$ cat coords19.txt   # compact mmCIF, C-alpha atoms and all ligand atoms
# COMPACT_ATOMS: atom_id res chain seq x y z
CA MET A 21 93.52 94.17 1.41
CA SER A 22 91.19 95.59 4.04
CA ALA A 23 89.47 98.90 3.36
CA VAL A 24 91.01 100.40 6.48
CA LEU A 25 94.52 99.46 5.45
CA GLU A 26 93.95 100.72 1.96
CA ARG A 27 92.68 104.08 3.14
CA LYS A 28 95.61 104.37 5.51
CA GLN A 29 98.04 103.67 2.68
CA LEU A 30 96.37 106.17 0.41
CA ARG A 31 96.52 108.76 3.14
CA GLN A 32 100.22 108.07 3.60
CA ARG A 33 100.71 108.48 -0.12
CA SER A 34 98.87 111.76 -0.05
CA ASP A 35 101.47 113.00 2.45
CA TYR A 36 104.15 112.63 -0.16
CA THR A 37 103.66 112.53 -3.86
CA TYR A 38 100.09 113.52 -4.12
CA LYS A 39 99.99 116.53 -1.89
CA PHE A 40 100.65 119.31 -4.28
CA ASN A 41 98.07 121.98 -3.61
CA SER A 42 99.64 123.73 -0.68
CA LYS A 43 102.36 125.55 -2.57
CA THR A 44 102.13 127.66 -5.65
CA GLY A 45 104.65 128.16 -8.41
CA ARG A 46 106.83 125.46 -9.89
CA HIS A 47 107.48 123.84 -6.51
CA GLY A 48 103.81 122.96 -6.47
CA TRP A 49 103.64 121.29 -9.88
CA LEU A 50 104.42 117.92 -8.32
CA ARG A 51 106.58 117.36 -5.30
CA LEU A 52 107.84 114.62 -3.02
CA THR A 53 108.96 116.72 -0.10
CA PRO A 54 106.73 118.00 2.67
CA ALA A 55 106.41 121.77 3.16
CA TYR A 56 108.92 121.96 6.03
CA SER A 57 111.64 120.44 3.79
CA LEU A 58 111.00 123.07 1.16
CA LYS A 59 111.40 125.71 3.85
CA ILE A 60 114.68 124.27 5.16
CA VAL A 61 116.17 124.03 1.68
CA GLU A 62 115.03 127.55 0.88
CA GLU A 63 116.59 128.90 4.10
CA LEU A 64 119.88 127.10 3.45
CA ILE A 65 120.10 128.51 -0.06
CA VAL A 66 119.15 132.03 1.01
CA GLY A 67 121.75 131.76 3.79
CA HIS A 68 124.51 130.95 1.26
CA GLU A 69 124.29 133.92 -1.03
CA GLN A 70 127.98 133.56 -1.90
CA ALA A 71 127.61 129.96 -3.18
CA LYS A 72 128.50 129.70 -6.85
CA ARG A 73 127.62 126.17 -7.82
CA ILE A 74 125.09 124.19 -5.80
CA PHE A 75 124.77 120.41 -6.15
CA ASP A 76 121.95 118.06 -5.24
CA PRO A 77 122.88 114.41 -5.91
CA PHE A 78 119.30 113.25 -5.10
CA CYS A 79 117.08 115.53 -7.15
CA GLY A 80 113.61 114.08 -6.50
CA THR A 81 111.12 116.65 -7.70
CA GLY A 82 113.85 119.28 -7.82
CA THR A 83 113.48 121.28 -4.60
CA THR A 84 117.16 122.26 -4.31
CA VAL A 85 117.84 122.96 -7.97
CA LEU A 86 114.67 125.02 -8.22
CA SER A 87 115.46 127.11 -5.13
CA ALA A 88 119.04 127.55 -6.33
CA THR A 89 118.02 128.80 -9.76
CA TYR A 90 115.32 131.11 -8.38
CA HIS A 91 117.95 132.69 -6.12
CA GLY A 92 120.27 133.30 -9.06
CA HIS A 93 122.77 130.45 -8.50
CA GLU A 94 123.86 127.71 -10.82
CA GLY A 95 122.17 124.52 -9.65
CA VAL A 96 123.16 121.02 -10.74
CA THR A 97 121.31 117.86 -9.80
CA THR A 98 121.18 114.15 -10.59
CA ASP A 99 118.60 111.45 -10.08
CA ILE A 100 118.40 107.81 -11.06
CA ASN A 101 114.72 108.04 -11.94
CA PRO A 102 114.16 109.23 -15.55
CA PHE A 103 110.66 110.54 -14.75
CA LEU A 104 112.02 112.79 -12.00
CA VAL A 105 114.80 114.01 -14.30
CA TRP A 106 112.21 114.89 -16.95
CA LEU A 107 110.08 116.69 -14.34
CA ALA A 108 112.93 118.66 -12.78
CA LYS A 109 114.17 119.69 -16.24
CA ALA A 110 110.72 121.03 -16.98
CA LYS A 111 110.57 122.83 -13.63
CA THR A 112 113.89 124.61 -14.10
CA ALA A 113 113.43 125.47 -17.80
CA HIS A 114 112.85 129.02 -19.07
CA TYR A 115 109.56 129.59 -20.90
CA SER A 116 108.93 132.48 -23.32
CA PRO A 117 105.60 134.36 -23.52
CA LYS A 118 105.16 132.77 -26.96
CA GLN A 119 105.49 129.28 -25.50
CA ILE A 120 103.05 130.15 -22.74
CA SER A 121 100.37 131.31 -25.16
CA ALA A 122 101.01 128.30 -27.41
CA THR A 123 100.37 126.09 -24.35
CA ARG A 124 97.08 127.88 -23.68
CA GLU A 125 96.00 127.30 -27.29
CA ALA A 126 97.18 123.69 -27.23
CA CYS A 127 95.09 123.08 -24.09
CA ALA A 128 91.96 124.30 -25.91
CA SER A 129 92.69 122.12 -28.98
CA THR A 130 93.41 119.10 -26.76
CA LEU A 131 90.08 119.46 -24.98
CA ASP A 132 88.25 119.88 -28.29
CA LEU A 133 89.62 116.51 -29.41
CA VAL A 134 88.59 114.93 -26.11
CA ARG A 135 85.09 116.44 -26.09
CA ASN A 136 84.40 115.36 -29.67
CA GLN A 137 86.08 112.00 -29.03
CA SER A 138 87.76 112.50 -32.40
CA ILE A 139 90.90 110.65 -31.39
CA GLU A 140 91.76 107.04 -30.62
CA PRO A 141 92.32 106.74 -26.84
CA VAL A 142 95.64 105.30 -25.65
CA PRO A 143 95.39 101.84 -24.04
CA ALA A 144 94.98 101.91 -20.26
CA PRO A 145 98.43 101.68 -18.66
CA PRO A 146 99.32 98.30 -17.10
CA ILE A 147 98.88 99.48 -13.50
CA HIS A 148 97.97 96.66 -11.13
CA ASN A 149 94.33 96.96 -10.01
CA ILE A 150 93.83 100.01 -12.18
CA GLU A 151 90.08 100.00 -11.45
CA ARG A 152 90.92 100.89 -7.86
CA TRP A 153 92.68 104.01 -9.01
CA TRP A 154 90.15 105.43 -11.45
CA SER A 155 86.46 105.05 -12.15
CA ALA A 156 85.62 103.81 -15.66
CA LYS A 157 84.54 107.34 -16.59
CA ALA A 158 87.76 108.96 -15.31
CA LEU A 159 89.84 106.30 -17.05
CA ASP A 160 88.10 106.91 -20.39
CA PHE A 161 88.68 110.63 -20.03
CA LEU A 162 92.38 110.20 -19.16
CA ARG A 163 92.96 107.78 -22.06
CA LEU A 164 91.50 110.29 -24.50
CA LEU A 165 93.39 113.19 -22.94
CA ARG A 166 96.68 111.27 -23.01
CA ALA A 167 96.16 110.56 -26.73
CA ALA A 168 95.17 114.15 -27.53
CA ILE A 169 98.24 115.88 -26.03
CA PRO A 170 100.79 114.47 -28.53
CA ALA A 171 98.26 114.91 -31.33
CA VAL A 172 98.25 118.70 -30.90
CA THR A 173 101.83 119.36 -29.69
CA LYS A 174 105.30 118.42 -30.95
CA GLU A 175 107.21 115.97 -28.78
CA HIS A 176 109.69 117.77 -26.47
CA SER A 177 108.13 121.18 -27.17
CA ALA A 178 107.37 123.41 -24.18
CA GLU A 179 103.63 123.03 -24.83
CA HIS A 180 103.92 119.24 -24.86
CA THR A 181 105.85 119.20 -21.58
CA LEU A 182 103.61 121.69 -19.77
CA LEU A 183 100.44 119.88 -20.81
CA LEU A 184 101.88 116.57 -19.64
CA ILE A 185 102.67 118.08 -16.24
CA ALA A 186 99.08 119.32 -16.00
CA PHE A 187 97.99 115.82 -17.06
CA CYS A 188 99.99 114.35 -14.15
CA ARG A 189 98.20 116.65 -11.72
CA SER A 190 94.79 115.82 -13.20
CA LEU A 191 95.35 112.08 -13.15
CA ILE A 192 95.82 112.22 -9.39
CA GLU A 193 92.97 114.67 -8.82
CA LEU A 194 90.64 112.41 -10.79
CA SER A 195 91.85 109.32 -8.97
CA ASN A 196 90.60 107.67 -5.83
CA ALA A 197 93.84 108.74 -4.15
CA ALA A 198 92.76 112.37 -4.02
CA PHE A 199 91.63 113.30 -0.54
CA ASN A 200 91.01 116.93 -1.15
CA HIS A 201 88.11 116.50 -3.51
CA GLN A 202 84.78 117.69 -2.15
CA SER A 203 82.65 115.22 -4.07
CA MET A 204 84.75 112.21 -3.14
CA SER A 205 82.96 109.67 -1.04
CA PHE A 206 83.63 106.18 0.24
CA LYS A 207 81.38 103.42 -0.92
CA ASP A 208 80.03 100.75 1.40
CA ASP A 209 82.46 98.13 0.12
CA GLY A 210 85.38 100.30 1.19
CA SER A 211 86.26 101.57 -2.26
CA PHE A 212 85.41 105.10 -3.21
CA ASP A 213 84.97 107.22 -6.21
CA ILE A 214 84.92 110.83 -7.25
CA GLY A 215 81.40 112.07 -7.90
CA PHE A 216 80.12 112.02 -11.44
CA ASP A 217 79.35 115.74 -11.28
CA VAL A 218 83.01 116.56 -11.64
CA ASP A 219 83.66 118.23 -14.94
CA MET A 220 86.88 116.49 -15.85
CA ALA A 221 87.72 118.92 -18.62
CA SER A 222 87.64 121.81 -16.13
CA VAL A 223 89.92 119.90 -13.76
CA PHE A 224 92.47 119.67 -16.57
CA SER A 225 91.97 123.31 -17.68
CA GLU A 226 92.51 124.46 -14.10
CA ASP A 227 95.68 122.36 -13.87
CA VAL A 228 96.97 123.86 -17.12
CA ARG A 229 96.28 127.35 -15.74
CA PHE A 230 98.16 126.45 -12.54
CA VAL A 231 101.14 125.08 -14.46
CA ILE A 232 101.19 128.10 -16.79
CA ARG A 233 101.21 130.52 -13.83
CA GLY A 234 104.37 128.85 -12.52
CA ALA A 235 105.96 128.60 -15.97
CA SER A 236 105.47 132.34 -16.57
CA GLU A 237 107.88 133.20 -13.77
CA ASN A 238 111.35 132.32 -14.98
CA PRO A 239 114.29 131.63 -12.66
CA THR A 240 117.26 133.99 -12.84
CA GLY A 241 119.93 131.28 -12.52
CA GLU A 242 120.66 128.19 -14.58
CA GLY A 243 119.64 124.68 -13.61
CA TYR A 244 121.14 121.45 -14.95
CA VAL A 245 119.33 118.20 -14.34
CA VAL A 246 121.09 114.99 -15.28
CA LEU A 247 120.13 111.32 -15.25
CA GLY A 248 122.78 109.56 -13.21
CA ASP A 249 123.79 107.52 -10.23
CA SER A 250 124.90 109.46 -7.17
CA ARG A 251 127.27 106.59 -6.35
CA ASN A 252 129.44 108.01 -9.09
CA PRO A 253 128.55 111.66 -9.72
CA ALA A 254 131.76 112.46 -11.65
CA GLU A 255 130.53 110.16 -14.39
CA VAL A 256 127.73 112.56 -15.28
CA VAL A 257 128.47 115.99 -13.81
CA GLU A 258 131.45 118.26 -13.80
CA GLY A 259 132.69 119.76 -10.51
CA MET A 260 133.54 121.74 -8.62
CA PHE A 261 130.70 122.52 -6.22
CA ASP A 262 130.92 124.76 -3.19
CA LEU A 263 127.58 123.82 -1.64
CA VAL A 264 125.66 120.52 -1.49
CA VAL A 265 122.07 120.65 -0.24
CA THR A 266 120.18 117.41 -0.52
CA SER A 267 117.63 115.08 0.93
CA PRO A 268 118.82 111.54 0.22
CA PRO A 269 116.51 108.52 0.39
CA TYR A 270 115.88 107.51 4.00
CA ALA A 271 116.47 103.99 5.28
CA ASN A 272 112.74 103.57 5.63
CA ARG A 273 111.81 101.18 2.83
CA MET A 274 109.91 103.83 0.93
CA SER A 275 110.04 103.07 -2.77
CA TYR A 276 109.99 106.17 -4.94
CA ILE A 277 109.20 104.01 -7.96
CA ARG A 278 106.16 102.62 -6.21
CA GLU A 279 105.10 106.10 -5.10
CA LEU A 280 105.47 107.50 -8.57
CA ARG A 281 104.08 104.58 -10.57
CA PRO A 282 100.83 106.25 -11.73
CA TYR A 283 102.78 109.06 -13.40
CA MET A 284 105.50 106.78 -14.70
CA TYR A 285 103.11 104.32 -16.34
CA TRP A 286 100.87 106.98 -17.89
CA LEU A 287 103.86 108.85 -19.30
CA GLY A 288 105.56 105.69 -20.59
CA PHE A 289 108.57 105.74 -18.23
CA LEU A 290 107.49 102.30 -17.03
CA VAL A 291 105.97 99.59 -19.17
CA ASN A 292 105.81 96.63 -16.81
CA GLY A 293 106.29 95.56 -13.22
CA ARG A 294 109.61 93.92 -13.90
CA ASP A 295 111.13 97.20 -15.13
CA ALA A 296 109.73 98.90 -12.06
CA GLY A 297 111.47 96.38 -9.77
CA GLU A 298 114.73 96.67 -11.76
CA LEU A 299 114.71 100.46 -11.46
CA ASP A 300 113.97 100.20 -7.75
CA TRP A 301 116.94 97.87 -7.30
CA THR A 302 119.25 100.54 -8.77
CA ALA A 303 117.83 103.19 -6.41
CA ILE A 304 119.32 103.60 -2.96
CA GLY A 305 116.79 102.38 -0.39
CA GLY A 306 114.55 100.78 -3.03
CA THR A 307 112.63 97.70 -1.95
CA TRP A 308 109.79 97.04 -4.34
CA GLY A 309 109.08 93.85 -6.31
CA ILE A 310 112.22 92.00 -7.35
CA ALA A 311 114.33 94.50 -5.41
CA THR A 312 113.00 92.93 -2.20
CA SER A 313 113.55 89.32 -3.28
CA ARG A 314 117.11 90.10 -4.39
CA LEU A 315 117.94 91.33 -0.92
CA THR A 316 117.44 87.83 0.44
CA ASP A 317 120.69 86.50 -1.00
CA TRP A 318 122.56 89.76 -1.30
CA THR A 319 125.98 89.91 0.37
CA ARG A 320 128.00 92.95 1.36
CA PRO A 321 130.77 94.08 -0.99
CA ALA A 322 134.40 93.69 0.13
CA ASP A 323 134.93 97.43 0.62
CA TYR A 324 131.94 98.07 2.89
CA PHE A 325 132.05 100.75 5.55
CA ARG A 326 133.34 99.33 8.83
CA SER A 327 131.36 100.69 11.76
CA THR A 328 130.77 99.11 15.14
CA ASN A 329 127.53 101.07 15.56
CA LEU A 330 126.21 99.78 12.26
CA SER A 331 127.31 96.18 12.92
CA THR A 332 125.56 96.22 16.31
CA ALA A 333 122.33 97.54 14.80
CA LEU A 334 122.46 95.00 11.93
CA ASP A 335 122.99 92.18 14.37
CA GLN A 336 120.01 93.24 16.49
CA ILE A 337 117.74 93.59 13.45
CA ALA A 338 118.84 90.22 12.02
CA HIS A 339 118.12 88.48 15.32
CA ALA A 340 114.86 90.25 16.10
CA ASP A 341 111.90 88.08 16.89
CA ASN A 342 110.59 88.33 13.34
CA LYS A 343 110.96 86.12 10.30
CA ASN A 344 111.95 89.12 8.14
CA GLY A 345 114.81 90.17 10.42
CA ALA A 346 117.59 88.81 8.19
CA VAL A 347 116.29 90.40 5.00
CA LEU A 348 115.72 93.73 6.75
CA ALA A 349 119.25 93.66 8.12
CA ASN A 350 120.42 93.19 4.51
CA TYR A 351 118.25 96.11 3.47
CA VAL A 352 119.82 98.40 6.07
CA ALA A 353 123.35 97.16 5.28
CA LYS A 354 122.88 97.78 1.56
CA TYR A 355 121.47 101.24 2.23
CA PHE A 356 124.60 102.27 4.16
CA ASP A 357 126.97 100.57 1.72
CA ASP A 358 125.35 102.56 -1.07
CA MET A 359 125.59 105.81 0.89
CA TRP A 360 129.23 105.04 1.63
CA SER A 361 129.89 104.65 -2.13
CA HIS A 362 128.08 107.94 -2.64
CA PHE A 363 130.14 109.93 -0.10
CA LEU A 364 133.37 108.30 -1.29
CA ARG A 365 132.84 109.33 -4.90
CA LEU A 366 131.35 112.72 -4.09
CA THR A 367 134.64 114.18 -2.90
CA PRO A 368 136.24 114.52 -6.39
CA VAL A 369 133.55 117.02 -7.41
CA LEU A 370 133.81 119.15 -4.25
CA ASP A 371 135.62 122.44 -4.10
CA HIS A 372 138.04 123.13 -1.28
CA ASN A 373 135.88 124.26 1.70
CA ALA A 374 132.65 123.00 0.16
CA GLU A 375 129.78 122.81 2.66
CA LEU A 376 127.41 119.82 2.82
CA HIS A 377 123.85 119.67 4.14
CA TYR A 378 122.11 116.27 4.16
CA ILE A 379 118.52 116.43 5.39
CA VAL A 380 117.79 112.93 6.64
CA GLY A 381 115.78 111.10 9.29
CA ASN A 382 116.69 108.16 11.51
CA SER A 383 114.66 104.91 11.48
CA THR A 384 113.65 102.02 13.67
CA PHE A 385 113.50 98.36 12.66
CA TYR A 386 111.87 95.92 15.10
CA GLY A 387 112.71 98.20 17.99
CA THR A 388 116.30 98.86 16.92
CA LEU A 389 117.07 102.52 16.36
CA VAL A 390 119.21 103.12 13.29
CA SER A 391 120.88 106.50 13.74
CA THR A 392 121.32 107.37 10.09
CA GLU A 393 122.64 110.83 10.96
CA ARG A 394 125.38 109.43 13.22
CA LEU A 395 126.40 106.88 10.62
CA TYR A 396 126.61 109.62 7.97
CA ALA A 397 128.75 111.62 10.41
CA GLU A 398 131.03 108.59 10.90
CA MET A 399 131.42 108.14 7.15
CA LEU A 400 132.16 111.82 6.59
CA ALA A 401 134.74 111.84 9.38
CA ALA A 402 136.41 108.73 7.89
CA LEU A 403 136.72 110.56 4.57
CA GLY A 404 138.37 113.60 6.16
CA PHE A 405 135.46 116.06 6.34
CA SER A 406 135.58 118.55 9.20
CA GLU A 407 133.09 120.68 11.21
CA ILE A 408 130.66 117.73 11.21
CA GLU A 409 127.40 118.33 13.07
CA CYS A 410 124.04 116.56 13.28
CA ARG A 411 121.50 119.33 13.82
CA ALA A 412 118.08 118.10 14.88
CA ILE A 413 115.40 119.81 12.81
CA ARG A 414 112.12 118.29 13.92
CA LYS A 415 110.41 115.27 15.31
CA ARG A 416 109.02 113.18 12.47
CA ASN A 417 105.85 111.90 14.07
CA SER A 418 104.43 110.85 17.37
CA LYS A 419 107.22 108.29 17.90
CA LYS A 420 109.55 110.45 19.92
CA GLU A 421 112.74 108.78 18.74
CA LEU A 422 112.13 109.56 15.06
CA VAL A 423 113.84 112.83 14.24
CA GLU A 424 114.89 114.68 11.11
CA PHE A 425 118.44 116.04 10.99
CA ASP A 426 120.55 118.34 8.93
CA VAL A 427 123.92 116.59 8.76
CA VAL A 428 126.46 119.32 8.10
CA ALA A 429 130.11 118.96 7.09
CA ARG A 430 132.93 120.85 5.40
CA TRP A 431 135.34 119.42 2.85
CA LYS A 432 138.95 120.10 3.75
C1 LIG B 501 114.18 111.93 -0.61
S1 LIG B 501 114.10 111.91 -2.37
C2 LIG B 501 114.63 113.51 -2.78
C3 LIG B 501 113.57 114.50 -2.49
C4 LIG B 501 113.91 115.83 -3.07
N1 LIG B 501 114.58 116.67 -2.12
C5 LIG B 501 112.69 116.53 -3.64
O1 LIG B 501 112.70 117.74 -3.76
O2 LIG B 501 111.73 115.88 -4.05
C6 LIG B 501 115.45 110.88 -2.82
C7 LIG B 501 115.69 110.77 -4.31
O3 LIG B 501 116.89 110.02 -4.49
C8 LIG B 501 116.78 109.35 -5.73
N2 LIG B 501 117.79 108.29 -5.79
C9 LIG B 501 117.79 107.08 -5.19
N3 LIG B 501 118.90 106.41 -5.48
C10 LIG B 501 119.65 107.20 -6.29
C11 LIG B 501 120.92 107.06 -6.90
N4 LIG B 501 121.64 105.94 -6.76
N5 LIG B 501 121.37 108.08 -7.65
C12 LIG B 501 120.64 109.21 -7.81
N6 LIG B 501 119.43 109.39 -7.25
C13 LIG B 501 118.94 108.40 -6.49
C14 LIG B 501 115.34 108.87 -5.75
O4 LIG B 501 114.93 108.61 -7.08
C15 LIG B 501 114.62 110.06 -5.11
O5 LIG B 501 114.16 110.91 -6.10

$ encode --input "coords19.txt" --output "structure tokens"
Amino acid sequence: MSAVLERKQLRQRSDYTYKFNSKTGRHGWLRLTPAYSLKIVEELIVGHEQAKRIFDPFCGTGTTVLSATYHGHEGVTTDINPFLVWLAKAKTAHYSPKQISATREACASTLDLVRNQSIEPVPAPPIHNIERWWSAKALDFLRLLRAAIPAVTKEHSAEHTLLLIAFCRSLIELSNAAFNHQSMSFKDDGSFDIGFDVDMASVFSEDVRFVIRGASENPTGEGYVVLGDSRNPAEVVEGMFDLVVTSPPYANRMSYIRELRPYMYWLGFLVNGRDAGELDWTAIGGTWGIATSRLTDWTRPADYFRSTNLSTALDQIAHADNKNGAVLANYVAKYFDDMWSHFLRLTPVLDHNAELHYIVGNSTFYGTLVSTERLYAEMLAALGFSEIECRAIRKRNSKKELVEFDVVARWK
């Protein structure tokens, strides 16, 4: 992989998962959404003071459930990714002053173990090309730190969870994917490294302080975070909901499993590449590893959503002047089939008059514009929703046709 491409990819990553310094509080612990999305969600929740139960079928790092609980509502959310469920549970939990001071003490004991090297380090996680992610020195430090946290805290205790969240922040700050580090420099061969002057223990201590500051402010409402598939929410959550605010996966081939792999491997949510591909296959819009190869001979289910607009777009993508046209057309078809299953099975958990807000962007594939927002609107209309609107929120980047929408609808 060329150095230029690699840097570009890392920069793209830093736009999503790894950009966590611009917002304080629990939103900033780790997040997938850019700042403007946080703002939109916040405004929607503030604008629906009367909402009793708010649902987010695509939790991610918990933006909706967190805003809901901080504004005194009951928030319920699901995600298919167990790491994100763990994280959002931690973000919405209530922490007592006793738990906060126990975390502070546990941080000191953890760092004592690391400094004295009086603990067996965990093995390096099986991340492909791990040496590109961390220098040997950073890797040694992280392996010791990862071993020390469970040695000084009980599994599932608040201290354990809060230290692991700080660990997640540190592992990215100490990695070559961190762009905000002053001492980071590129080497001549295109790789780069954080400077050796960085005191790694103080990076972790600062992250623990940051996490503790957020944990000290408890939400006033209750948040429930559940592992589950949004293609059948009733299986894991109980209705009824009067407001749905969510940002579903986009049809843009971004793999959340790929994005989150450093955290997931270090925390043990992933143990090998095959599991990663399997999990991505279950996720809507996932296309990493085996998920991509399975798309090649995937066929649409019998009850797929019939739409002329979609069929036209699929046909154009499949016949584009590109050898990957057919597989990409399958990708797009599967994305919309999955979203159709989602909308279809969402209705049983919706209250009469429930309001929906889906924050989603359109996409292009080989020059074909896929109007995700219009296709959502078609699906919602077919299911009997009313007051459907696609409100443009912002342009996504310099490509003028790429726009983010709030797709709004009301359940009858
Ligand atoms: C755009 S992200 C959500 C971002 C979120 N608003 C946040 O605050 O980070 C989409 C999420 O949908 C989840 N997802 C994908 N397929 C799913 C499914 N079938 N059921 C539940 N969640 C799913 C992904 O794991 C990912 O976390």

$ closest_residue --input "coords19.txt" --among "A:Cys127, A:Val428, A:Val223, A:Ile379" --to "ligand LIG 501 (chain B)" --atoms "all atoms listed in the file"
A:Ile379

$ closest_atom_pairs --input "coords19.txt" --of "chain A" --to "ligand LIG 501 (chain B)" --cutoff "8 Å" --atoms "all atoms listed in the file" --output "CSV"
residue,atom,partner,partner_atom,distance
A:Arg51,CA,B:LIG501,O2,5.5
A:Leu52,CA,B:LIG501,O2,4.2
A:Thr53,CA,B:LIG501,O2,4.9
A:Ser57,CA,B:LIG501,N1,7.6
A:Leu58,CA,B:LIG501,O1,7.5
A:Pro77,CA,B:LIG501,C12,6.0
A:Phe78,CA,B:LIG501,O3,4.1
A:Cys79,CA,B:LIG501,C4,5.2
A:Gly80,CA,B:LIG501,O5,3.2
A:Thr81,CA,B:LIG501,O2,3.8
A:Gly82,CA,B:LIG501,O1,4.5
A:Thr83,CA,B:LIG501,O1,3.7
A:Thr84,CA,B:LIG501,O1,6.4
A:Thr98,CA,B:LIG501,C12,5.7
A:Asp99,CA,B:LIG501,N6,3.6
A:Ile100,CA,B:LIG501,C12,4.2
A:Asn101,CA,B:LIG501,O4,4.9
A:Leu104,CA,B:LIG501,O5,6.6
A:Leu247,CA,B:LIG501,C12,7.8
A:Gly248,CA,B:LIG501,C12,5.8
A:Asp249,CA,B:LIG501,N5,3.6
A:Ser250,CA,B:LIG501,N5,3.8
A:Arg251,CA,B:LIG501,N4,5.7
A:Thr266,CA,B:LIG501,N1,5.9
A:Ser267,CA,B:LIG501,N1,4.6
A:Pro268,CA,B:LIG501,C6,4.6
A:Pro269,CA,B:LIG501,C6,4.1
A:Tyr270,CA,B:LIG501,C1,6.6
A:Tyr276,CA,B:LIG501,O4,5.9
A:Ile277,CA,B:LIG501,O4,7.4
A:Thr302,CA,B:LIG501,N4,6.2
A:Ala303,CA,B:LIG501,N3,3.5
A:Ile304,CA,B:LIG501,N3,3.8
A:Gly305,CA,B:LIG501,C9,6.8
A:Gly306,CA,B:LIG501,C9,7.4
A:Asp358,CA,B:LIG501,N4,7.6
A:His362,CA,B:LIG501,N4,7.9

$ residues_near_point --input "coords19.txt" --point "(104.5, 94.6, -13.1)" --cutoff "10 Å" --atoms "all atoms listed in the file" --output "CSV table (one decimal) with C-alpha atoms, in the frame of the given file"
chain,number,residue,atom,x,y,z
A,146,PRO,CA,99.3,98.3,-17.1
A,147,ILE,CA,98.9,99.5,-13.5
A,148,HIS,CA,98.0,96.7,-11.1
A,290,LEU,CA,107.5,102.3,-17.0
A,291,VAL,CA,106.0,99.6,-19.2
A,292,ASN,CA,105.8,96.6,-16.8
A,293,GLY,CA,106.3,95.6,-13.2
A,294,ARG,CA,109.6,93.9,-13.9
A,295,ASP,CA,111.1,97.2,-15.1
A,296,ALA,CA,109.7,98.9,-12.1
A,297,GLY,CA,111.5,96.4,-9.8
A,309,GLY,CA,109.1,93.8,-6.3
A,310,ILE,CA,112.2,92.0,-7.4

$ residues_around --input "coords19.txt" --residues "Lys419 in chain A" --least-positions-apart "5" --cutoff "12 Å" --atoms "only C-alpha atoms" --output "mmCIF file with C-alpha atoms, keeping the file's coordinate frame"
data_model
loop_
_atom_site.group_PDB
_atom_site.id
_atom_site.type_symbol
_atom_site.label_atom_id
_atom_site.label_comp_id
_atom_site.auth_asym_id
_atom_site.auth_seq_id
_atom_site.Cartn_x
_atom_site.Cartn_y
_atom_site.Cartn_z
ATOM 1 C CA ASN A 382 116.690 108.160 11.510
ATOM 2 C CA SER A 383 114.660 104.910 11.480
ATOM 3 C CA THR A 384 113.650 102.020 13.670
ATOM 4 C CA GLY A 387 112.710 98.200 17.990
ATOM 5 C CA LEU A 389 117.070 102.520 16.360
ATOM 6 C CA ARG A 414 112.120 118.290 13.920
#

$ atom_distance --input "coords19.txt" --atom1 "CA of Gly95 in chain A" --atom2 "CA of Phe356 in chain A"
26.3 Å

$ closest_residue --input "coords19.txt" --among "A:Arg152, A:Arg124, A:Arg135, A:His93" --to "Leu183 in chain A" --atoms "all atoms listed in the file"
A:Arg124

$ closest_residue --input "coords19.txt" --among "A:Ala108, A:Ala144, A:Val172, A:Ala254" --to "Ile185 in chain A" --atoms "all atoms listed in the file"
A:Ala108

$ atom_distance --input "coords19.txt" --atom1 "CA of Lys354 in chain A" --atom2 "CA of Arg411 in chain A"
24.8 Å

$ atom_distance --input "coords19.txt" --atom1 "CA of Val423 in chain A" --atom2 "CA of Ser331 in chain A"
21.5 Å

$ residues_around --input "coords19.txt" --residues "His180 in chain A" --least-positions-apart "3" --cutoff "12 Å" --atoms "all atoms listed in the file" --output "list in words"
Ala110, Gln119, Ile120, Ala122, Thr123, Arg124, Glu125, Ala126, Cys127, Thr130, Arg166, Ala167, Ala168, Ile169, Pro170, Ala171, Val172, Thr173, Lys174, Glu175, His176, Ser177, Leu183, Leu184, Ile185, Ala186, Phe187, Val228 and Leu287 of chain A

$ closest_residue --input "coords19.txt" --among "A:Leu403, A:Leu330, A:Val256, A:Ala88" --to "Val369 in chain A" --atoms "all atoms listed in the file"
A:Val256

$ axis_aligned_box --input "coords19.txt" --around "range 241-252 of chain A" --padding-each-side "4 Å" --output "lines of an AutoDock Vina configuration file"
center_x = 124.4
center_y = 118.9
center_z = -10.8
size_x = 18.1
size_y = 32.7
size_z = 16.9

$ closest_residue --input "coords19.txt" --among "A:Ile150, A:Val142, A:Gly404, A:Pro368" --to "Glu258 in chain A" --atoms "only C-alpha atoms"
A:Pro368

$ residues_around --input "coords19.txt" --residues "Glu424 in chain A" --least-positions-apart "2" --cutoff "10 Å" --atoms "all atoms listed in the file" --output "ChimeraX atom specification"
/A:57,379-383,392-393,410-417,421-422,426-427

$ residues_around --input "coords19.txt" --residues "Asp357 in chain A" --least-positions-apart "5" --cutoff "9 Å" --atoms "only C-alpha atoms" --output "PyMOL selection string"
chain A and resi 320-321+323-325+352+362

$ decode --input "coords19.txt" --residues "range 180-191 of chain A" --atoms "C-alpha atoms" --output "compact mmCIF listing (two decimals), in the first residue's frame"
# COMPACT_ATOMS: atom_id res chain seq x y z
CA HIS A 180 -13.05 -1.93 35.39
CA THR A 181 -15.34 -0.45 32.74
CA LEU A 182 -14.15 3.14 33.14
CA LEU A 183 -10.48 2.13 32.99
CA LEU A 184 -11.12 0.09 29.86
CA ILE A 185 -12.76 3.08 28.19
CA ALA A 186 -9.72 5.19 29.08
CA PHE A 187 -7.57 2.35 27.69
CA CYS A 188 -9.48 2.56 24.40
CA ARG A 189 -8.75 6.28 24.16
CA SER A 190 -5.07 5.76 25.00
CA LEU A 191 -4.59 2.96 22.50
